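Undergrad: Quick one: the structure is below, questions incoming.
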Amino acid sequence: MTHIPVLLAEVLKTLAPQPGEVILDGTFGGGGYARGILQTAPCTLWALDRDADAIARGAALAMEFPGRLHLIEGRFGDMMALLAEQGVTQLDGVVLDLGVSSFQIDTPERGFSFRFDGPLDMRMGQSGPTAADLVNTLGEAELADLIWEFGEERFSRRVARAIVKARTETPFTTTLQLAEVIRRSVPRDPSGIHGATRSFQALRIRVNDELGEIERALDQAMRLLAPGGRLVIVSFHSLEDRLVKRAFQKATGRTPGTSRHDPSMLMAPRAAAPFTLLTPRSIRPGGAETAANPRARSAHLRALQRLPENRAA
Ligand SMILES: C[S@@+](CC[C@H](N)C(=O)[O-])C[C@H]1O[C@@H](n2cnc3c(N)ncnc32)[C@H](O)[C@@H]1O
């Protein structure tokens, strides 16, 4: 089992590690980006992952690059505190490759997938409530809301009703048990996608507080960037990409909805933005990459840079 890194060449080009720089890979995973960064320039790399298995697998890579790769088990939403504990308060580059790794999704015991049966877990880390805890205890309205909000599932109410009905007979313990109840509660999708796909995405996002993590990480990464430092983010669905896009627009002074014909804008000159966008439009994988790695299909890469000192936008 391997994890094929998505948009690796494009990540290395925008992150552009230089000799002597200090970089953070907030989502170590299978170490694909980490290896690429370490090979590109003689820099120091700090790497986080909330999954203890990913950190344990990284020990071999750390041995290949003695003294240059430092692995920490923890969440990127806590990056500032985790790095401060190590005496790191400024970074020249930060990269985040959001979502789950192939190791996680392809391991039945982790409970992310309905391609095979496994315990209904879905936690990337080892703490907090599992997906089974949520589907067995949340009220019907709360379940419907989360499936709508994080899964963009049009039939969220039907799904929630079916879950609540089924659990009164048998509480949910496995992925296939839940996938089957959900599949039976929604109309067949003409595109052929499994009826439980959106609901599973919603539960995974909620179990891991994925959107909250991204918001905390965006804020902290921008504060940690040294002048000239780059922040590169690869996202895999519209909810993630929207958060990144909006935060980047705000940081670079491109807040949508403000018109230059609006008189209040004339009265209040805009403060000079300390960041500039490196990707005016998100970078998408080409046909060859998506053919070789279907997981890349929905990827969007966005990057920004803190302006070098004395150069405001
Ligand atoms: C798509 S994989 C990264 C793959 C990696 N770029 C590579 O090339 O092998 C995402 C990884 O991020 C980790 N992850 C997701 N959310 C996290 C968070 N909030 N904090 C730390 N790690 C997280 C997951 O556990 C997973 O291992």
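Chain labels run A, B, ... following the order of the structure tokens; each chain numbers its residues from 1, and ligands are numbered from 1 in the order shown.
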Report as a Markdown table: every residue of chain A with an atom at most 9 Å from ligand 1, its closest pair of atoms, and their distance in Å to one decimal, counting only C-alpha atoms and all ligand atoms, with rows sorted by chain and ascending residue number.
TA:
| residue | atom | partner | partner_atom_place_in_ligand_line | distance |
| --- | --- | --- | --- | --- |
| A:Thr2 | CA | ligand 1 | 9 (O) | 8.6 |
| A:His3 | CA | ligand 1 | 9 (O) | 5.7 |
| A:Ile4 | CA | ligand 1 | 8 (O) | 6.6 |
| A:Pro5 | CA | ligand 1 | 8 (O) | 4.1 |
| A:Val6 | CA | ligand 1 | 8 (O) | 6.9 |
| A:Leu8 | CA | ligand 1 | 8 (O) | 7.5 |
| A:Asp25 | CA | ligand 1 | 6 (N) | 7.8 |
| A:Gly26 | CA | ligand 1 | 21 (C) | 5.9 |
| A:Thr27 | CA | ligand 1 | 12 (O) | 3.7 |
| A:Phe28 | CA | ligand 1 | 5 (C) | 5.0 |
| A:Gly29 | CA | ligand 1 | 27 (O) | 3.4 |
| A:Gly30 | CA | ligand 1 | 9 (O) | 3.4 |
| A:Gly31 | CA | ligand 1 | 9 (O) | 4.1 |
| A:Gly32 | CA | ligand 1 | 8 (O) | 3.2 |
| A:Tyr33 | CA | ligand 1 | 8 (O) | 4.2 |
| A:Ala34 | CA | ligand 1 | 8 (O) | 6.8 |
| A:Arg35 | CA | ligand 1 | 8 (O) | 8.1 |
| A:Gly36 | CA | ligand 1 | 8 (O) | 8.6 |
| A:Leu48 | CA | ligand 1 | 21 (C) | 5.6 |
| A:Asp49 | CA | ligand 1 | 22 (N) | 3.6 |
| A:Arg50 | CA | ligand 1 | 21 (C) | 4.1 |
| A:Asp51 | CA | ligand 1 | 25 (O) | 4.7 |
| A:Ala52 | CA | ligand 1 | 25 (O) | 8.3 |
| A:Asp53 | CA | ligand 1 | 27 (O) | 8.4 |
| A:Ala54 | CA | ligand 1 | 27 (O) | 5.9 |
| A:Ile55 | CA | ligand 1 | 27 (O) | 8.6 |
| A:Glu73 | CA | ligand 1 | 21 (C) | 7.6 |
| A:Gly74 | CA | ligand 1 | 21 (C) | 5.7 |
| A:Arg75 | CA | ligand 1 | 20 (N) | 3.2 |
| A:Phe76 | CA | ligand 1 | 20 (N) | 4.0 |
| A:Gly77 | CA | ligand 1 | 19 (N) | 5.7 |
| A:Asp78 | CA | ligand 1 | 20 (N) | 7.9 |
| A:Met79 | CA | ligand 1 | 20 (N) | 8.5 |
| A:Val95 | CA | ligand 1 | 6 (N) | 8.4 |
| A:Leu96 | CA | ligand 1 | 6 (N) | 7.2 |
| A:Asp97 | CA | ligand 1 | 6 (N) | 5.1 |
| A:Leu98 | CA | ligand 1 | 10 (C) | 5.2 |
| A:Gly99 | CA | ligand 1 | 10 (C) | 5.0 |
| A:Val100 | CA | ligand 1 | 10 (C) | 4.6 |
| A:Ser101 | CA | ligand 1 | 2 (S) | 3.9 |
| A:Ser102 | CA | ligand 1 | 2 (S) | 7.4 |
| A:Phe103 | CA | ligand 1 | 27 (O) | 7.7 |
| A:Gln104 | CA | ligand 1 | 27 (O) | 7.2 |
| A:Arg123 | CA | ligand 1 | 25 (O) | 8.8 |
| A:Met124 | CA | ligand 1 | 25 (O) | 5.0 |
| A:Gly125 | CA | ligand 1 | 25 (O) | 6.9 |
| A:Asn208 | CA | ligand 1 | 19 (N) | 7.4 |
| A:Asp209 | CA | ligand 1 | 19 (N) | 7.9 |
| A:Glu210 | CA | ligand 1 | 19 (N) | 6.3 |
| A:Leu211 | CA | ligand 1 | 19 (N) | 8.8 |
| A:Gly212 | CA | ligand 1 | 19 (N) | 8.6 |
| A:Glu213 | CA | ligand 1 | 19 (N) | 5.1 |
| A:Ile214 | CA | ligand 1 | 19 (N) | 7.0 |
| A:Ala217 | CA | ligand 1 | 19 (N) | 8.1 |
| A:Val234 | CA | ligand 1 | 1 (C) | 8.7 |
| A:Ser235 | CA | ligand 1 | 1 (C) | 8.8 |
| A:Phe236 | CA | ligand 1 | 1 (C) | 8.8 |
Undergrad: So that I can see what lies close to region 149-153 of chain A, please list as a PyMOL selection string the residues with an atom at most 8 Å from it, counting only C-alpha atoms and leaving out residues fewer than 6 positions away in the same chain.
TA: chain A and resi 198-203+205-206+239
Undergrad: Can I get the selected residues back with N, CA, C and O atoms, as a compact mmCIF listing (two decimals), in the first residue's frame?
TA:
# COMPACT_ATOMS: atom_id res chain seq x y z
N ARG A 198 -21.64 10.96 0.22
CA ARG A 198 -21.70 12.31 0.80
C ARG A 198 -21.86 12.25 2.32
O ARG A 198 -21.25 13.04 3.05
N SER A 199 -22.67 11.33 2.79
CA SER A 199 -22.88 11.23 4.24
C SER A 199 -21.61 10.78 4.94
O SER A 199 -21.30 11.23 6.05
N PHE A 200 -20.86 9.87 4.31
CA PHE A 200 -19.59 9.44 4.91
C PHE A 200 -18.60 10.62 4.97
O PHE A 200 -17.91 10.80 5.97
N GLN A 201 -18.57 11.42 3.90
CA GLN A 201 -17.69 12.61 3.92
C GLN A 201 -18.09 13.53 5.09
O GLN A 201 -17.24 14.03 5.83
N ALA A 202 -19.40 13.73 5.24
CA ALA A 202 -19.88 14.63 6.29
C ALA A 202 -19.45 14.13 7.67
O ALA A 202 -18.96 14.91 8.50
N LEU A 203 -19.62 12.84 7.91
CA LEU A 203 -19.26 12.30 9.23
C LEU A 203 -17.77 12.42 9.48
O LEU A 203 -17.33 12.78 10.57
N ILE A 205 -15.70 14.64 8.26
CA ILE A 205 -15.35 16.05 8.51
C ILE A 205 -15.72 16.43 9.94
O ILE A 205 -14.96 17.09 10.65
N ARG A 206 -16.88 15.95 10.40
CA ARG A 206 -17.34 16.29 11.74
C ARG A 206 -16.51 15.57 12.81
O ARG A 206 -16.10 16.18 13.81
N LEU A 239 -15.76 22.49 0.19
CA LEU A 239 -15.86 23.13 1.51
C LEU A 239 -14.48 23.59 1.97
O LEU A 239 -14.32 24.69 2.50
Undergrad: Go through A:Leu91, A:Cys43, A:Leu38, A:Val22 one by one, measure the shortest atom-to-atom distance of each to Leu61 (chain A) using only C-alpha atoms, and give the residue with the smallest value.
TA: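 With only C-alpha atoms as the atom set, the closest residue is A:Leu38.
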Undergrad: Please indicate the distance in Å from CA of Ile147 (chain A) to CA of Arg302 (chain A), rounded to one decimal place.
TA: 26.6 Å
Undergrad: Among region 22-263 of chain A, which residues does DSSP mark as strand (DSSP E or B) when it is run on the backbone? Keep the chain and numbering as in the structure and answer as a ChimeraX atom specification.
TA: /A:22-25,44-49,69-73,91-97,119,174,225-235
Undergrad: Just checking: using only C-alpha atoms, which residue out of A:Pro129, A:Pro17, A:Gly93, A:Pro119 ends up closest to Thr173 (chain A)?
TA: A:Pro119
Undergrad: In Å, how far is it from CA of Ile72 (chain A) to CA of Ala47 (chain A)?
TA: 6.1 Å
Undergrad: Give me the residues near Met222 (chain A) as an NGL selection string, where near means some atom within 9 Å (using only C-alpha atoms) and where sequence neighbours in that chain fewer than 4 positions away do not count.
TA: :A and (94 or 217-218 or 226 or 229-231 or 251 or 275 or 305-306)
Undergrad: Just want the 7 Å neighbourhood of Leu307 (chain A), counted on only C-alpha atoms, with same-chain residues fewer than 5 positions away dropped. Output as a ChimeraX atom specification.
TA: /A:227-228,274-276,312
Undergrad: Skipping near chain neighbours, those fewer than 3 positions away, what residues fall within 8 Å of Ala132 (chain A) using only C-alpha atoms, listed as a PyMOL selection string?
TA: chain A and resi 120-121+129+135-136+172-174
Undergrad: Compile the contact shell of Thr44 (chain A) as a list in words: residues with an atom at most 7 Å away, counting only C-alpha atoms, same-chain residues fewer than 3 positions apart removed.
TA: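 Once the nearby chain positions are removed, what remains is Gly20, Glu21, Val22, Ile23, Arg68 and Leu69 of chain A.
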Undergrad: Using only C-alpha atoms, can you tell me which of A:Ala299, A:Gln249, A:Thr175, A:Leu45 comes closest to Gly286 (chain A)?
TA: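 Nearest to Gly286 (chain A): A:Ala299.
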Undergrad: Of the candidates A:Glu85, A:Glu140, A:Ile233, A:Ser113, which shows the shortest atom-to-atom distance to His194 (chain A), using only C-alpha atoms?
TA: A:Ser113
